[in-house]
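Shown here: query37.cif, mmCIF, N, CA and C atoms.
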data_final
loop_
_atom_site.group_PDB
_atom_site.id
_atom_site.type_symbol
_atom_site.label_atom_id
_atom_site.label_comp_id
_atom_site.auth_asym_id
_atom_site.auth_seq_id
_atom_site.Cartn_x
_atom_site.Cartn_y
_atom_site.Cartn_z
ATOM 1 N N MET A 1 0.992 3.493 -6.538
ATOM 2 C CA MET A 1 -0.167 2.777 -6.976
ATOM 3 C C MET A 1 -1.362 3.717 -7.149
ATOM 4 N N ARG A 2 -1.531 4.644 -6.228
ATOM 5 C CA ARG A 2 -2.655 5.583 -6.342
ATOM 6 C C ARG A 2 -2.540 6.410 -7.619
ATOM 7 N N TYR A 3 -1.321 6.752 -7.977
ATOM 8 C CA TYR A 3 -1.101 7.510 -9.206
ATOM 9 C C TYR A 3 -1.628 6.737 -10.405
ATOM 10 N N TRP A 4 -1.324 5.449 -10.480
ATOM 11 C CA TRP A 4 -1.775 4.633 -11.611
ATOM 12 C C TRP A 4 -3.285 4.470 -11.601
ATOM 13 N N MET A 5 -3.865 4.309 -10.404
ATOM 14 C CA MET A 5 -5.319 4.145 -10.310
ATOM 15 C C MET A 5 -6.061 5.416 -10.713
ATOM 16 N N ALA A 6 -5.441 6.571 -10.543
ATOM 17 C CA ALA A 6 -6.095 7.848 -10.812
ATOM 18 C C ALA A 6 -6.061 8.262 -12.277
ATOM 19 N N GLN A 7 -5.363 7.526 -13.103
ATOM 20 C CA GLN A 7 -5.232 7.909 -14.503
ATOM 21 C C GLN A 7 -6.567 7.780 -15.237
ATOM 22 N N ALA A 8 -6.801 8.690 -16.166
ATOM 23 C CA ALA A 8 -8.047 8.699 -16.942
ATOM 24 C C ALA A 8 -8.051 7.611 -18.013
ATOM 25 N N PHE A 9 -6.880 7.127 -18.370
ATOM 26 C CA PHE A 9 -6.763 6.145 -19.439
ATOM 27 C C PHE A 9 -6.099 4.877 -18.910
ATOM 28 N N PRO A 10 -6.220 3.767 -19.641
ATOM 29 C CA PRO A 10 -5.605 2.515 -19.192
ATOM 30 C C PRO A 10 -4.097 2.645 -18.960
ATOM 31 N N VAL A 11 -3.616 1.942 -17.950
ATOM 32 C CA VAL A 11 -2.185 1.873 -17.644
ATOM 33 C C VAL A 11 -1.753 0.448 -17.950
ATOM 34 N N LEU A 12 -0.813 0.306 -18.871
ATOM 35 C CA LEU A 12 -0.388 -1.017 -19.322
ATOM 36 C C LEU A 12 0.961 -1.389 -18.730
ATOM 37 N N LEU A 13 1.023 -2.581 -18.175
ATOM 38 C CA LEU A 13 2.270 -3.158 -17.688
ATOM 39 C C LEU A 13 2.703 -4.178 -18.730
ATOM 40 N N VAL A 14 3.908 -4.006 -19.255
ATOM 41 C CA VAL A 14 4.406 -4.862 -20.328
ATOM 42 C C VAL A 14 5.706 -5.501 -19.859
ATOM 43 N N ILE A 15 5.814 -6.824 -19.998
ATOM 44 C CA ILE A 15 7.041 -7.520 -19.615
ATOM 45 C C ILE A 15 7.514 -8.399 -20.767
ATOM 46 N N ARG A 16 8.795 -8.698 -20.750
ATOM 47 C CA ARG A 16 9.390 -9.623 -21.731
ATOM 48 C C ARG A 16 10.187 -10.651 -20.957
ATOM 49 N N ASN A 17 9.956 -11.922 -21.239
ATOM 50 C CA ASN A 17 10.698 -12.960 -20.520
ATOM 51 C C ASN A 17 12.019 -13.263 -21.227
ATOM 52 N N PHE A 18 12.783 -14.164 -20.651
ATOM 53 C CA PHE A 18 14.113 -14.462 -21.191
ATOM 54 C C PHE A 18 14.060 -15.107 -22.564
ATOM 55 N N GLU A 19 12.899 -15.660 -22.934
ATOM 56 C CA GLU A 19 12.748 -16.272 -24.260
ATOM 57 C C GLU A 19 12.292 -15.256 -25.311
ATOM 58 N N GLY A 20 12.069 -14.025 -24.887
ATOM 59 C CA GLY A 20 11.665 -12.978 -25.814
ATOM 60 C C GLY A 20 10.161 -12.806 -25.959
ATOM 61 N N GLU A 21 9.382 -13.606 -25.234
ATOM 62 C CA GLU A 21 7.920 -13.468 -25.302
ATOM 63 C C GLU A 21 7.490 -12.220 -24.537
ATOM 64 N N VAL A 22 6.658 -11.398 -25.159
ATOM 65 C CA VAL A 22 6.155 -10.174 -24.541
ATOM 66 C C VAL A 22 4.714 -10.409 -24.121
ATOM 67 N N ARG A 23 4.409 -10.007 -22.867
ATOM 68 C CA ARG A 23 3.054 -10.133 -22.339
ATOM 69 C C ARG A 23 2.654 -8.779 -21.776
ATOM 70 N N TRP A 24 1.338 -8.529 -21.740
ATOM 71 C CA TRP A 24 0.856 -7.244 -21.244
ATOM 72 C C TRP A 24 -0.395 -7.405 -20.414
ATOM 73 N N MET A 25 -0.637 -6.374 -19.577
ATOM 74 C CA MET A 25 -1.784 -6.397 -18.680
ATOM 75 C C MET A 25 -2.177 -4.959 -18.371
ATOM 76 N N GLU A 26 -3.453 -4.695 -18.365
ATOM 77 C CA GLU A 26 -3.958 -3.383 -17.963
ATOM 78 C C GLU A 26 -4.040 -3.401 -16.444
ATOM 79 N N VAL A 27 -3.297 -2.526 -15.749
ATOM 80 C CA VAL A 27 -3.205 -2.599 -14.294
ATOM 81 C C VAL A 27 -4.053 -1.575 -13.553
ATOM 82 N N ARG A 28 -4.503 -0.530 -14.204
ATOM 83 C CA ARG A 28 -5.291 0.496 -13.512
ATOM 84 C C ARG A 28 -6.544 -0.106 -12.885
ATOM 85 N N ASP A 29 -7.334 -0.808 -13.676
ATOM 86 C CA ASP A 29 -8.567 -1.401 -13.162
ATOM 87 C C ASP A 29 -8.274 -2.556 -12.206
ATOM 88 N N TRP A 30 -7.208 -3.327 -12.474
ATOM 89 C CA TRP A 30 -6.819 -4.410 -11.571
ATOM 90 C C TRP A 30 -6.502 -3.849 -10.190
ATOM 91 N N LEU A 31 -5.744 -2.747 -10.142
ATOM 92 C CA LEU A 31 -5.385 -2.136 -8.864
ATOM 93 C C LEU A 31 -6.617 -1.629 -8.120
ATOM 94 N N LYS A 32 -7.545 -1.064 -8.855
ATOM 95 C CA LYS A 32 -8.779 -0.580 -8.214
ATOM 96 C C LYS A 32 -9.530 -1.735 -7.558
ATOM 97 N N ARG A 33 -9.618 -2.862 -8.267
ATOM 98 C CA ARG A 33 -10.310 -4.029 -7.697
ATOM 99 C C ARG A 33 -9.534 -4.620 -6.521
ATOM 100 N N ALA A 34 -8.231 -4.801 -6.686
ATOM 101 C CA ALA A 34 -7.413 -5.439 -5.655
ATOM 102 C C ALA A 34 -7.328 -4.592 -4.386
ATOM 103 N N SER A 35 -7.395 -3.277 -4.520
ATOM 104 C CA SER A 35 -7.263 -2.399 -3.356
ATOM 105 C C SER A 35 -8.606 -1.929 -2.816
ATOM 106 N N ASP A 36 -9.691 -2.445 -3.382
ATOM 107 C CA ASP A 36 -11.032 -1.994 -2.989
ATOM 108 C C ASP A 36 -11.113 -0.479 -3.140
ATOM 109 N N ASN A 37 -10.740 -0.012 -4.346
ATOM 110 C CA ASN A 37 -10.717 1.421 -4.687
ATOM 111 C C ASN A 37 -9.837 2.240 -3.754
ATOM 112 N N GLY A 38 -8.676 1.690 -3.408
ATOM 113 C CA GLY A 38 -7.695 2.414 -2.607
ATOM 114 C C GLY A 38 -7.859 2.255 -1.114
ATOM 115 N N ARG A 39 -8.812 1.458 -0.656
ATOM 116 C CA ARG A 39 -9.033 1.282 0.785
ATOM 117 C C ARG A 39 -8.098 0.252 1.412
ATOM 118 N N LYS A 40 -7.563 -0.680 0.612
ATOM 119 C CA LYS A 40 -6.635 -1.692 1.122
ATOM 120 C C LYS A 40 -5.293 -1.518 0.408
ATOM 121 N N PRO A 41 -4.183 -1.669 1.131
ATOM 122 C CA PRO A 41 -2.875 -1.539 0.471
ATOM 123 C C PRO A 41 -2.596 -2.727 -0.459
ATOM 124 N N VAL A 42 -1.943 -2.433 -1.551
ATOM 125 C CA VAL A 42 -1.508 -3.460 -2.500
ATOM 126 C C VAL A 42 0.013 -3.453 -2.489
ATOM 127 N N LYS A 43 0.611 -4.573 -2.128
ATOM 128 C CA LYS A 43 2.074 -4.666 -2.024
ATOM 129 C C LYS A 43 2.710 -5.153 -3.318
ATOM 130 N N GLN A 44 1.961 -5.933 -4.100
ATOM 131 C CA GLN A 44 2.504 -6.435 -5.360
ATOM 132 C C GLN A 44 1.377 -6.675 -6.338
ATOM 133 N N ILE A 45 1.723 -6.658 -7.599
ATOM 134 C CA ILE A 45 0.771 -6.917 -8.673
ATOM 135 C C ILE A 45 0.902 -8.379 -9.083
ATOM 136 N N VAL A 46 -0.208 -9.077 -9.095
ATOM 137 C CA VAL A 46 -0.219 -10.456 -9.578
ATOM 138 C C VAL A 46 -0.352 -10.370 -11.092
ATOM 139 N N PHE A 47 0.758 -10.573 -11.780
ATOM 140 C CA PHE A 47 0.762 -10.388 -13.226
ATOM 141 C C PHE A 47 0.079 -11.566 -13.904
ATOM 142 N N ALA A 48 -1.017 -11.263 -14.575
ATOM 143 C CA ALA A 48 -1.785 -12.281 -15.306
ATOM 144 C C ALA A 48 -1.979 -11.792 -16.736
ATOM 145 N N GLY A 49 -0.899 -11.278 -17.305
ATOM 146 C CA GLY A 49 -0.975 -10.689 -18.627
ATOM 147 C C GLY A 49 -1.159 -11.706 -19.733
ATOM 148 N N GLU A 50 -1.626 -11.204 -20.844
ATOM 149 C CA GLU A 50 -1.790 -12.070 -22.008
ATOM 150 C C GLU A 50 -0.676 -11.781 -23.008
ATOM 151 N N ARG A 51 -0.472 -12.696 -23.892
ATOM 152 C CA ARG A 51 0.572 -12.552 -24.901
ATOM 153 C C ARG A 51 0.319 -11.298 -25.734
ATOM 154 N N PHE A 52 1.376 -10.541 -25.978
ATOM 155 C CA PHE A 52 1.275 -9.317 -26.766
ATOM 156 C C PHE A 52 1.530 -9.670 -28.225
ATOM 157 N N ASP A 53 0.450 -9.791 -28.974
ATOM 158 C CA ASP A 53 0.560 -10.093 -30.397
ATOM 159 C C ASP A 53 -0.586 -9.389 -31.123
ATOM 160 N N VAL A 54 -0.648 -9.555 -32.406
ATOM 161 C CA VAL A 54 -1.650 -8.862 -33.212
ATOM 162 C C VAL A 54 -3.067 -9.183 -32.744
ATOM 163 N N MET A 55 -3.331 -10.441 -32.464
ATOM 164 C CA MET A 55 -4.687 -10.825 -32.070
ATOM 165 C C MET A 55 -5.067 -10.260 -30.709
ATOM 166 N N SER A 56 -4.125 -10.214 -29.764
ATOM 167 C CA SER A 56 -4.462 -9.654 -28.450
ATOM 168 C C SER A 56 -4.707 -8.155 -28.548
ATOM 169 N N VAL A 57 -3.960 -7.475 -29.404
ATOM 170 C CA VAL A 57 -4.193 -6.042 -29.606
ATOM 171 C C VAL A 57 -5.567 -5.825 -30.221
ATOM 172 N N ARG A 58 -5.950 -6.648 -31.174
ATOM 173 C CA ARG A 58 -7.281 -6.530 -31.791
ATOM 174 C C ARG A 58 -8.386 -6.789 -30.772
ATOM 175 N N ARG A 59 -8.222 -7.812 -29.921
ATOM 176 C CA ARG A 59 -9.229 -8.098 -28.895
ATOM 177 C C ARG A 59 -9.345 -6.938 -27.920
ATOM 178 N N TRP A 60 -8.194 -6.395 -27.503
ATOM 179 C CA TRP A 60 -8.182 -5.277 -26.571
ATOM 180 C C TRP A 60 -8.875 -4.072 -27.194
ATOM 181 N N ARG A 61 -8.580 -3.806 -28.454
ATOM 182 C CA ARG A 61 -9.199 -2.692 -29.172
ATOM 183 C C ARG A 61 -10.714 -2.846 -29.202
ATOM 184 N N GLU A 62 -11.182 -4.051 -29.504
ATOM 185 C CA GLU A 62 -12.626 -4.293 -29.549
ATOM 186 C C GLU A 62 -13.273 -4.084 -28.175
ATOM 187 N N ARG A 63 -12.607 -4.569 -27.106
ATOM 188 C CA ARG A 63 -13.157 -4.377 -25.755
ATOM 189 C C ARG A 63 -13.234 -2.906 -25.404
ATOM 190 N N VAL A 64 -12.181 -2.167 -25.717
ATOM 191 C CA VAL A 64 -12.150 -0.739 -25.375
ATOM 192 C C VAL A 64 -13.213 0.018 -26.164
ATOM 193 N N LEU A 65 -13.317 -0.257 -27.445
ATOM 194 C CA LEU A 65 -14.289 0.454 -28.270
ATOM 195 C C LEU A 65 -15.740 0.089 -27.920
ATOM 196 N N SER A 66 -15.927 -1.101 -27.343
ATOM 197 C CA SER A 66 -17.285 -1.488 -26.952
ATOM 198 C C SER A 66 -17.611 -1.074 -25.511
ATOM 199 N N GLY A 67 -16.678 -0.395 -24.848
ATOM 200 C CA GLY A 67 -16.938 0.088 -23.497
ATOM 201 C C GLY A 67 -16.374 -0.770 -22.397
ATOM 202 N N GLY A 68 -15.720 -1.878 -22.727
ATOM 203 C CA GLY A 68 -15.087 -2.721 -21.719
ATOM 204 C C GLY A 68 -13.714 -2.191 -21.367
ATOM 205 N N SER A 69 -12.948 -2.973 -20.628
ATOM 206 C CA SER A 69 -11.580 -2.567 -20.319
ATOM 207 C C SER A 69 -10.615 -3.443 -21.096
ATOM 208 N N GLY A 70 -9.346 -3.162 -20.962
ATOM 209 C CA GLY A 70 -8.324 -3.799 -21.774
ATOM 210 C C GLY A 70 -7.913 -5.176 -21.303
ATOM 211 N N PRO A 71 -6.687 -5.587 -21.611
ATOM 212 C CA PRO A 71 -6.206 -6.931 -21.317
ATOM 213 C C PRO A 71 -6.354 -7.277 -19.846
ATOM 214 N N THR A 72 -6.995 -8.341 -19.586
ATOM 215 C CA THR A 72 -7.224 -8.892 -18.255
ATOM 216 C C THR A 72 -7.810 -7.872 -17.305
ATOM 217 N N GLY A 73 -8.419 -6.863 -17.830
ATOM 218 C CA GLY A 73 -8.967 -5.823 -16.976
ATOM 219 C C GLY A 73 -10.450 -5.780 -17.003
#
For this file, produce the structure as structure tokens.
Amino acid sequence: MRYWMAQAFPVLLVIRNFEGEVRWMEVRDWLKRASDNGRKPVKQIVFAGERFDVMSVRRWRERVLSGGSGPTG
């Protein structure tokens, strides 16, 4: 987890369910918040990803370019 939190760029967790739907979540910033910047252990990631489609990629791009963070981050 510390490795992912230390990355200079977003770390994306991508999953696909049995129906073929792909969802994604930026976990670097989530881990920093959940662990209080590494002071508390994190045993699992609460996946709250959004659907991975053209519109979500566009929204993520706009957030990143405007200085925000990525999906659910």
**OP:** Identify all residues satisfying the PyMOL selection byres ((chain A and resi 26-38) around 5) in the given file; provide them as JSON, numbers by chain.
**Re:** {"A": [4, 5, 11, 12, 13, 24, 25, 39, 40, 71]}
Original post:
Looking only at the backbone, which of the residues in chain A does DSSP tag as helix (DSSP H, G or I), as a PyMOL selection string?
Top reply: chain A and resi 2-5+28-34+54-65
Grab the residues selected above and save them as a PDB file, in the frame of the given file with N, CA and C atoms.
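selection.pdb was written with the following content:
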ATOM      1  N   ARG A   2      -1.531   4.644  -6.228  1.00  0.00           N
ATOM      2  CA  ARG A   2      -2.655   5.583  -6.342  1.00  0.00           C
ATOM      3  C   ARG A   2      -2.540   6.410  -7.619  1.00  0.00           C
ATOM      4  N   TYR A   3      -1.321   6.752  -7.977  1.00  0.00           N
ATOM      5  CA  TYR A   3      -1.101   7.510  -9.206  1.00  0.00           C
ATOM      6  C   TYR A   3      -1.628   6.737 -10.405  1.00  0.00           C
ATOM      7  N   TRP A   4      -1.324   5.449 -10.480  1.00  0.00           N
ATOM      8  CA  TRP A   4      -1.775   4.633 -11.611  1.00  0.00           C
ATOM      9  C   TRP A   4      -3.285   4.470 -11.601  1.00  0.00           C
ATOM     10  N   MET A   5      -3.865   4.309 -10.404  1.00  0.00           N
ATOM     11  CA  MET A   5      -5.319   4.145 -10.310  1.00  0.00           C
ATOM     12  C   MET A   5      -6.061   5.416 -10.713  1.00  0.00           C
ATOM     13  N   ARG A  28      -4.503  -0.530 -14.204  1.00  0.00           N
ATOM     14  CA  ARG A  28      -5.291   0.496 -13.512  1.00  0.00           C
ATOM     15  C   ARG A  28      -6.544  -0.106 -12.885  1.00  0.00           C
ATOM     16  N   ASP A  29      -7.334  -0.808 -13.676  1.00  0.00           N
ATOM     17  CA  ASP A  29      -8.567  -1.401 -13.162  1.00  0.00           C
ATOM     18  C   ASP A  29      -8.274  -2.556 -12.206  1.00  0.00           C
ATOM     19  N   TRP A  30      -7.208  -3.327 -12.474  1.00  0.00           N
ATOM     20  CA  TRP A  30      -6.819  -4.410 -11.571  1.00  0.00           C
ATOM     21  C   TRP A  30      -6.502  -3.849 -10.190  1.00  0.00           C
ATOM     22  N   LEU A  31      -5.744  -2.747 -10.142  1.00  0.00           N
ATOM     23  CA  LEU A  31      -5.385  -2.136  -8.864  1.00  0.00           C
ATOM     24  C   LEU A  31      -6.617  -1.629  -8.120  1.00  0.00           C
ATOM     25  N   LYS A  32      -7.545  -1.064  -8.855  1.00  0.00           N
ATOM     26  CA  LYS A  32      -8.779  -0.580  -8.214  1.00  0.00           C
ATOM     27  C   LYS A  32      -9.530  -1.735  -7.558  1.00  0.00           C
ATOM     28  N   ARG A  33      -9.618  -2.862  -8.267  1.00  0.00           N
ATOM     29  CA  ARG A  33     -10.310  -4.029  -7.697  1.00  0.00           C
ATOM     30  C   ARG A  33      -9.534  -4.620  -6.521  1.00  0.00           C
ATOM     31  N   ALA A  34      -8.231  -4.801  -6.686  1.00  0.00           N
ATOM     32  CA  ALA A  34      -7.413  -5.439  -5.655  1.00  0.00           C
ATOM     33  C   ALA A  34      -7.328  -4.592  -4.386  1.00  0.00           C
ATOM     34  N   VAL A  54      -0.648  -9.555 -32.406  1.00  0.00           N
ATOM     35  CA  VAL A  54      -1.650  -8.862 -33.212  1.00  0.00           C
ATOM     36  C   VAL A  54      -3.067  -9.183 -32.744  1.00  0.00           C
ATOM     37  N   MET A  55      -3.331 -10.441 -32.464  1.00  0.00           N
ATOM     38  CA  MET A  55      -4.687 -10.825 -32.070  1.00  0.00           C
ATOM     39  C   MET A  55      -5.067 -10.260 -30.709  1.00  0.00           C
ATOM     40  N   SER A  56      -4.125 -10.214 -29.764  1.00  0.00           N
ATOM     41  CA  SER A  56      -4.462  -9.654 -28.450  1.00  0.00           C
ATOM     42  C   SER A  56      -4.707  -8.155 -28.548  1.00  0.00           C
ATOM     43  N   VAL A  57      -3.960  -7.475 -29.404  1.00  0.00           N
ATOM     44  CA  VAL A  57      -4.193  -6.042 -29.606  1.00  0.00           C
ATOM     45  C   VAL A  57      -5.567  -5.825 -30.221  1.00  0.00           C
ATOM     46  N   ARG A  58      -5.950  -6.648 -31.174  1.00  0.00           N
ATOM     47  CA  ARG A  58      -7.281  -6.530 -31.791  1.00  0.00           C
ATOM     48  C   ARG A  58      -8.386  -6.789 -30.772  1.00  0.00           C
ATOM     49  N   ARG A  59      -8.222  -7.812 -29.921  1.00  0.00           N
ATOM     50  CA  ARG A  59      -9.229  -8.098 -28.895  1.00  0.00           C
ATOM     51  C   ARG A  59      -9.345  -6.938 -27.920  1.00  0.00           C
ATOM     52  N   TRP A  60      -8.194  -6.395 -27.503  1.00  0.00           N
ATOM     53  CA  TRP A  60      -8.182  -5.277 -26.571  1.00  0.00           C
ATOM     54  C   TRP A  60      -8.875  -4.072 -27.194  1.00  0.00           C
ATOM     55  N   ARG A  61      -8.580  -3.806 -28.454  1.00  0.00           N
ATOM     56  CA  ARG A  61      -9.199  -2.692 -29.172  1.00  0.00           C
ATOM     57  C   ARG A  61     -10.714  -2.846 -29.202  1.00  0.00           C
ATOM     58  N   GLU A  62     -11.182  -4.051 -29.504  1.00  0.00           N
ATOM     59  CA  GLU A  62     -12.626  -4.293 -29.549  1.00  0.00           C
ATOM     60  C   GLU A  62     -13.273  -4.084 -28.175  1.00  0.00           C
ATOM     61  N   ARG A  63     -12.607  -4.569 -27.106  1.00  0.00           N
ATOM     62  CA  ARG A  63     -13.157  -4.377 -25.755  1.00  0.00           C
ATOM     63  C   ARG A  63     -13.234  -2.906 -25.404  1.00  0.00           C
ATOM     64  N   VAL A  64     -12.181  -2.167 -25.717  1.00  0.00           N
ATOM     65  CA  VAL A  64     -12.150  -0.739 -25.375  1.00  0.00           C
ATOM     66  C   VAL A  64     -13.213   0.018 -26.164  1.00  0.00           C
ATOM     67  N   LEU A  65     -13.317  -0.257 -27.445  1.00  0.00           N
ATOM     68  CA  LEU A  65     -14.289   0.454 -28.270  1.00  0.00           C
ATOM     69  C   LEU A  65     -15.740   0.089 -27.920  1.00  0.00           C
TER      70      LEU A  65
END
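Taking atom C of A:Val42 and atom N of A:Met1 as the two end points, the separation is 8.1 Å.
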**OP:** Starting from the shown file, work through the PyMOL selection byres ((chain A and resi 52) around 7) and note down what comes out as JSON, numbers by chain.
**Re:** {"A": [21, 22, 23, 24, 49, 50, 51, 53, 54, 55, 56, 57]}
